[in-house]
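A.B. asks: Coordinates in target33.tsv, TSV, C-alpha atoms (C1' of nucleotides), are listed below.
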chain	number	residue	atom	x	y	z
X	76	MET	CA	29.80	33.41	-41.27
X	77	VAL	CA	27.42	36.19	-40.39
X	78	PHE	CA	25.19	34.01	-38.29
X	79	ALA	CA	27.93	32.61	-36.11
X	80	ASP	CA	29.26	36.12	-35.58
X	81	VAL	CA	25.88	37.63	-34.73
X	82	PHE	CA	25.14	34.70	-32.44
X	83	GLU	CA	28.25	35.31	-30.37
X	84	ARG	CA	27.69	39.04	-30.13
X	85	LEU	CA	24.07	38.67	-29.13
X	86	ARG	CA	25.19	36.24	-26.45
X	87	GLU	CA	27.73	38.72	-25.17
X	88	GLN	CA	25.11	41.42	-24.94
X	89	HIS	CA	22.14	39.45	-23.61
X	90	GLY	CA	23.59	36.29	-22.10
X	91	SER	CA	22.81	32.70	-22.98
X	92	GLN	CA	19.12	31.94	-23.31
X	93	GLU	CA	18.57	28.46	-21.98
X	94	SER	CA	15.15	27.00	-21.31
X	95	TRP	CA	13.68	30.03	-22.93
X	96	TRP	CA	10.47	28.22	-23.79
X	97	PRO	CA	9.46	26.55	-20.53
X	98	ALA	CA	6.93	23.74	-20.91
X	99	GLU	CA	6.25	20.34	-19.46
X	100	SER	CA	5.43	18.51	-22.67
X	101	ALA	CA	5.58	18.71	-26.44
X	102	PHE	CA	1.84	19.17	-26.57
X	103	GLU	CA	2.04	22.08	-24.16
X	104	ILE	CA	4.55	23.74	-26.46
X	105	MET	CA	2.21	23.29	-29.42
X	106	VAL	CA	-0.58	24.93	-27.43
X	107	GLY	CA	1.73	27.75	-26.40
X	108	ALA	CA	2.84	28.32	-29.98
X	109	LEU	CA	-0.76	29.01	-30.98
X	110	LEU	CA	-1.62	31.07	-27.91
X	111	VAL	CA	1.40	33.34	-28.13
X	112	GLN	CA	0.60	34.54	-31.63
X	113	ARG	CA	0.57	38.32	-31.70
X	114	THR	CA	0.56	38.57	-27.91
X	115	THR	CA	3.15	38.70	-25.16
X	116	TRP	CA	4.41	35.50	-23.60
X	117	ARG	CA	3.10	36.82	-20.29
X	118	ASN	CA	-0.48	36.80	-21.54
X	119	ALA	CA	-0.10	33.48	-23.28
X	120	ALA	CA	1.44	31.91	-20.18
X	121	ALA	CA	-1.48	33.10	-18.06
X	122	ALA	CA	-3.84	31.33	-20.45
X	123	ILE	CA	-1.77	28.14	-20.25
X	124	GLU	CA	-1.87	28.26	-16.46
X	125	ARG	CA	-5.62	28.58	-16.53
X	126	LEU	CA	-5.83	25.57	-18.83
X	127	ARG	CA	-3.59	23.62	-16.48
X	128	ALA	CA	-5.54	24.65	-13.41
X	129	GLY	CA	-8.73	23.60	-15.18
X	130	ARG	CA	-7.15	20.30	-16.16
X	131	GLN	CA	-7.74	20.99	-19.83
X	132	LEU	CA	-4.14	20.96	-21.00
X	133	THR	CA	-4.31	17.67	-22.88
X	134	ALA	CA	-5.39	16.77	-26.39
X	135	GLU	CA	-8.21	14.64	-25.02
X	136	ARG	CA	-9.70	17.44	-22.95
X	137	LEU	CA	-9.21	20.20	-25.50
X	138	ALA	CA	-10.88	18.12	-28.18
X	139	ARG	CA	-14.02	17.73	-26.07
X	140	ILE	CA	-14.44	20.97	-24.15
X	141	GLU	CA	-17.08	23.43	-25.32
X	142	THR	CA	-15.53	26.08	-27.52
X	143	ALA	CA	-17.17	28.85	-25.49
X	144	ALA	CA	-15.77	27.44	-22.26
X	145	LEU	CA	-12.33	27.13	-23.79
X	146	SER	CA	-12.37	30.69	-25.04
X	147	LYS	CA	-13.05	31.90	-21.51
X	148	LEU	CA	-10.04	30.02	-20.18
X	149	ILE	CA	-7.69	31.51	-22.77
X	150	ARG	CA	-9.16	35.00	-22.68
X	151	SER	CA	-5.91	36.63	-21.58
X	152	ALA	CA	-4.12	35.54	-24.74
X	153	GLY	CA	-6.33	37.69	-26.96
X	154	PHE	CA	-8.14	36.62	-30.15
X	155	PHE	CA	-9.67	34.03	-27.85
X	156	ARG	CA	-12.47	32.92	-30.16
X	157	VAL	CA	-10.27	32.11	-33.12
X	158	LYS	CA	-7.58	30.64	-30.91
X	159	ALA	CA	-10.08	28.40	-29.12
X	160	ALA	CA	-11.26	26.95	-32.43
X	161	ARG	CA	-7.66	26.48	-33.56
X	162	LEU	CA	-6.64	24.73	-30.34
X	163	GLN	CA	-9.50	22.29	-30.78
X	164	LYS	CA	-8.44	21.52	-34.34
X	165	LEU	CA	-4.91	20.98	-33.10
X	166	ALA	CA	-6.10	18.63	-30.37
X	167	GLN	CA	-8.21	16.67	-32.82
X	168	PHE	CA	-5.28	16.39	-35.16
X	169	VAL	CA	-2.98	15.03	-32.45
X	170	LEU	CA	-5.57	12.44	-31.46
X	171	SER	CA	-6.27	11.47	-35.07
X	172	VAL	CA	-2.65	10.62	-35.79
X	173	GLY	CA	-2.30	8.54	-32.64
X	174	GLY	CA	-0.76	11.02	-30.23
X	175	ILE	CA	2.42	13.04	-29.85
X	176	ASP	CA	4.62	9.96	-30.00
X	177	ALA	CA	3.41	9.20	-33.51
X	178	LEU	CA	4.34	12.73	-34.57
X	179	LYS	CA	7.79	12.35	-33.07
X	180	ARG	CA	8.52	9.54	-35.52
X	181	LEU	CA	7.72	11.58	-38.63
X	182	PRO	CA	10.47	13.08	-40.79
X	183	THR	CA	10.78	16.84	-40.34
X	184	ASP	CA	9.52	17.73	-43.81
X	185	GLU	CA	6.44	15.58	-43.51
X	186	LEU	CA	5.70	16.81	-40.01
X	187	ARG	CA	6.02	20.39	-41.17
X	188	THR	CA	3.64	19.79	-44.06
X	189	GLN	CA	1.04	18.32	-41.75
X	190	LEU	CA	1.37	21.14	-39.23
X	191	LEU	CA	0.88	23.72	-41.99
X	192	GLU	CA	-2.45	22.14	-42.86
X	193	LEU	CA	-3.81	23.10	-39.45
X	194	PRO	CA	-5.79	26.35	-39.22
X	195	GLY	CA	-3.76	29.03	-37.51
X	196	VAL	CA	-0.44	27.34	-38.19
X	197	GLY	CA	1.67	29.28	-40.66
X	198	ALA	CA	5.39	29.09	-41.37
X	199	GLU	CA	6.51	30.70	-38.13
X	200	THR	CA	4.29	28.68	-35.82
X	201	ALA	CA	5.12	25.46	-37.65
X	202	ASP	CA	8.84	26.11	-37.24
X	203	ALA	CA	8.42	27.05	-33.57
X	204	ILE	CA	6.67	23.73	-32.98
X	205	LEU	CA	9.33	21.85	-34.95
X	206	GLY	CA	12.17	23.51	-33.11
X	207	TYR	CA	10.89	23.62	-29.55
X	208	ALA	CA	8.38	20.78	-29.27
X	209	PHE	CA	10.07	18.26	-31.57
X	210	GLU	CA	13.64	19.49	-31.37
X	211	ARG	CA	14.24	19.60	-35.09
X	212	PRO	CA	17.02	21.83	-36.49
X	213	VAL	CA	15.05	24.76	-37.94
X	214	LEU	CA	15.16	28.53	-37.60
X	215	VAL	CA	12.07	30.41	-36.51
X	216	VAL	CA	11.88	33.55	-38.63
X	217	ASP	CA	9.66	36.16	-37.01
X	218	ALA	CA	9.24	39.92	-37.24
X	219	TYR	CA	12.25	40.51	-34.98
X	220	THR	CA	14.44	38.28	-37.15
X	221	ARG	CA	13.43	40.05	-40.33
X	222	ARG	CA	13.95	43.47	-38.81
X	223	LEU	CA	17.40	42.64	-37.51
X	224	PHE	CA	18.66	41.10	-40.74
X	225	THR	CA	17.06	43.76	-42.87
X	226	ARG	CA	19.08	46.30	-40.90
X	227	LEU	CA	22.22	44.24	-41.16
X	228	ALA	CA	21.81	43.94	-44.92
X	229	HIS	CA	21.09	47.61	-45.44
X	230	PRO	CA	21.41	49.12	-47.99
X	231	LEU	CA	21.36	45.78	-49.75
X	232	PRO	CA	17.97	44.10	-50.23
X	233	ALA	CA	16.41	42.34	-47.26
X	234	PRO	CA	17.20	38.62	-47.12
X	235	THR	CA	14.41	36.14	-47.76
X	236	ASP	CA	13.01	33.88	-45.05
X	237	THR	CA	14.21	30.75	-46.80
X	238	GLY	CA	17.66	32.23	-47.24
X	239	LEU	CA	17.86	33.06	-43.55
X	240	LYS	CA	16.77	29.56	-42.58
X	241	GLU	CA	19.28	27.85	-44.82
X	242	ASP	CA	22.14	30.03	-43.69
X	243	ALA	CA	21.25	29.65	-40.03
X	244	ILE	CA	21.05	25.88	-40.21
X	245	ALA	CA	24.35	25.74	-42.07
X	246	ALA	CA	26.08	28.07	-39.60
X	247	LEU	CA	24.58	26.99	-36.28
X	248	GLY	CA	23.76	23.36	-36.99
X	249	SER	CA	22.27	22.03	-33.81
X	250	THR	CA	18.69	22.44	-32.67
X	251	GLN	CA	19.90	23.83	-29.37
X	252	ARG	CA	21.91	26.61	-30.98
X	253	LEU	CA	19.17	27.43	-33.50
X	254	ASN	CA	16.59	27.71	-30.73
X	255	GLU	CA	18.87	29.85	-28.62
X	256	PHE	CA	19.56	32.07	-31.59
X	257	HIS	CA	15.86	32.73	-32.02
X	258	ALA	CA	15.58	33.51	-28.31
X	259	LEU	CA	18.52	35.89	-28.54
X	260	VAL	CA	17.05	37.73	-31.50
X	261	ILE	CA	13.83	38.29	-29.57
X	262	ALA	CA	15.64	39.35	-26.41
X	263	HIS	CA	17.57	41.82	-28.52
X	264	GLY	CA	14.47	43.05	-30.29
X	265	GLN	CA	12.61	43.58	-27.03
X	266	ARG	CA	15.32	45.15	-24.93
X	267	CYS	CA	17.29	46.97	-27.54
X	268	CYS	CA	16.04	47.47	-31.09
X	269	SER	CA	12.53	48.79	-30.81
X	270	PRO	CA	10.49	48.95	-34.02
X	271	LYS	CA	10.17	52.68	-34.40
X	272	PRO	CA	13.21	54.68	-33.33
X	273	SER	CA	15.48	52.02	-34.75
X	274	CYS	CA	18.05	51.17	-32.13
X	275	GLU	CA	18.60	54.42	-30.31
X	276	ARG	CA	19.40	52.57	-27.10
X	277	CYS	CA	21.42	49.77	-28.62
X	278	THR	CA	24.81	49.22	-27.06
X	279	LEU	CA	25.98	47.09	-29.97
X	280	LYS	CA	24.93	49.20	-32.88
X	281	GLN	CA	26.83	47.10	-35.34
X	282	ILE	CA	24.37	44.29	-34.75
X	283	CYS	CA	21.35	46.48	-35.29
X	284	GLY	CA	22.80	48.11	-38.36
X	285	TRP	CA	22.27	51.52	-36.82
X	286	ASP	CA	25.79	52.68	-37.53
X	287	ARG	CA	25.37	52.04	-41.21
X	288	ASP	CA	21.92	53.61	-41.38
X	289	ARG	CA	21.37	56.40	-43.90
X	290	GLN	CA	18.35	58.15	-42.38
X	291	THR	CA	16.24	55.60	-44.21
X	292	ARG	CA	13.27	54.03	-42.56
X	293	LEU	CA	14.43	50.53	-41.79
X	294	ALA	CA	11.54	49.07	-39.85
H	61	DC	C1'	-4.75	58.46	-25.44
H	62	DA	C1'	-1.91	55.64	-28.91
H	63	DC	C1'	0.91	51.90	-29.57
H	64	DC	C1'	2.57	47.29	-29.38
H	65	DA	C1'	2.99	42.20	-28.53
H	66	DG	C1'	7.30	35.55	-29.81
H	67	DG	C1'	0.76	35.60	-36.63
H	68	DG	C1'	-2.64	33.82	-39.62
H	69	DT	C1'	-6.45	34.27	-42.74
H	70	DG	C1'	-9.46	35.87	-46.25
H	71	DG	C1'	-10.59	39.46	-49.37
H	72	DT	C1'	-9.28	43.28	-52.59
H	73	DT	C1'	-6.34	45.72	-55.92
G	247	DA	C1'	2.38	39.53	-55.55
G	248	DA	C1'	1.48	43.42	-52.52
G	249	DC	C1'	-1.63	45.47	-49.51
G	250	DC	C1'	-5.72	45.42	-46.17
G	251	DA	C1'	-8.97	44.51	-42.18
G	252	DC	C1'	-9.80	41.54	-38.87
G	253	DC	C1'	-9.21	38.91	-34.67
G	254	DA	C1'	-8.98	41.14	-28.80
G	255	DT	C1'	-6.54	41.22	-24.34
G	256	DG	C1'	-3.21	43.51	-21.36
G	257	DG	C1'	0.87	46.37	-20.46
G	258	DT	C1'	3.36	50.80	-21.18
Let's see the structure in the file written out as structure tokens.

C.D. replies:
Amino acid sequence: MVFADVFERLREQHGSQESWWPAESAFEIMVGALLVQRTTWRNAAAAIERLRAGRQLTAERLARIETAALSKLIRSAGFFRVKAARLQKLAQFVLSVGGIDALKRLPTDELRTQLLELPGVGAETADAILGYAFERPVLVVDAYTRRLFTRLAHPLPAPTDTGLKEDAIAALGSTQRLNEFHALVIAHGQRCCSPKPSCERCTLKQICGWDRDRQTRLA
DNA sequence: CACCAGGGTGGTT
DNA sequence: AACCACCATGGT
């Protein structure tokens, strides 16, 4: 109930979010999911464009390039040394299983388990890859999602990640709607509910939970 | 100048 | 299980 309601109201406020994660292949989305960690999409996209321009945006090339050379290409995404090593592990993994097409045939649970074994792939990145690269019906729970639903629940306890995922899948159903929901939550978090002042500028305060706030720190 | 961005990991209490 | 430091660039 809550999810479908929030979804509609976020859409009213921010508009539909189609093709929010632009990419030309599933592999490119996997690369982007690692590069965007704790950075802006702008900086991650610049790194992807440098990889593309250098013709390194394939599993074959990323698996073979020197780590130092790779880290220079992705410099703009930050944490470039750790991310370079992680990208190479990802590329090697894709090659070892027989390519992206082999991964597309795996059941969602099994695919998720294998993704989580990769260095640098935690719950959020795994779900982003599942949802956007492989179009599986999952919810990406990130810091924006937790903040929003913690505020909505206030003063009740914050919902758990697994609870949010189950409810979202039950309420929204399709991969397309789940992905758009995630995009809407981020658009809302970026344009409206900033971390610190807690929704001073929000035009739909009911969504942020600002109107039910009791001077408590909600971030 | 401080703060933040579409996290994950390893170590400490 | 809850914290903590660390990774590092680029925009505001």

A.B. asks: Show me, as a list in words, the residues that have an atom within 10 Å of Val77 in chain X when counting only C-alpha atoms (C1' of nucleotides), minus same-chain residues fewer than 4 positions from it.

C.D. replies: Val81, Phe82, Leu227, Asp242, Ala243 and Ala246 of chain X

A.B. asks: Please identify every residue of chain X that has at least one atom no farther than 8 Å from an atom of chain H, counting all atoms listed in the file, and for each give the shortest atom pair and the distance in Å to one decimal, arranged by chain then increasing number, as a tab-separated table.

C.D. replies:
residue	atom	partner	partner_atom	distance
X:Val111	CA	H:DG66	C1'	6.5
X:Gln112	CA	H:DG67	C1'	5.1
X:Arg113	CA	H:DA65	C1'	5.6
X:Thr114	CA	H:DA65	C1'	4.4
X:Thr115	CA	H:DA65	C1'	4.9
X:Trp116	CA	H:DG66	C1'	6.8
X:Gly195	CA	H:DG68	C1'	5.4
X:Val196	CA	H:DG68	C1'	7.0
X:Gly197	CA	H:DG68	C1'	6.3
X:Glu199	CA	H:DG67	C1'	7.7
X:Thr200	CA	H:DG67	C1'	7.8
X:Asp217	CA	H:DG66	C1'	7.6
X:Ile261	CA	H:DG66	C1'	7.1

A.B. asks: With a distance threshold of 8 Å and counting all atoms listed in the file, extract the residues of chain X near chain G and express them as an MDAnalysis selection string.

C.D. replies: chainID X and resid 118 150:155 157

A.B. asks: Quick check, in Å to one decimal: how far apart do CA of Arg86 in chain X and CA of Leu214 in chain X lie?

C.D. replies: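 CA of Leu214 in chain X lies 16.9 Å from CA of Arg86 in chain X.
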
A.B. asks: Suppose you want the space between CA of Asp176 in chain X and CA of Gln189 in chain X; what is it in Å?

C.D. replies: 14.9 Å

A.B. asks: If you measure from CA of Thr133 in chain X to CA of Leu190 in chain X, what distance in Å do you get, rounded to one decimal?

C.D. replies: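 Atom-to-atom, CA of Thr133 in chain X to CA of Leu190 in chain X, that is 17.7 Å.
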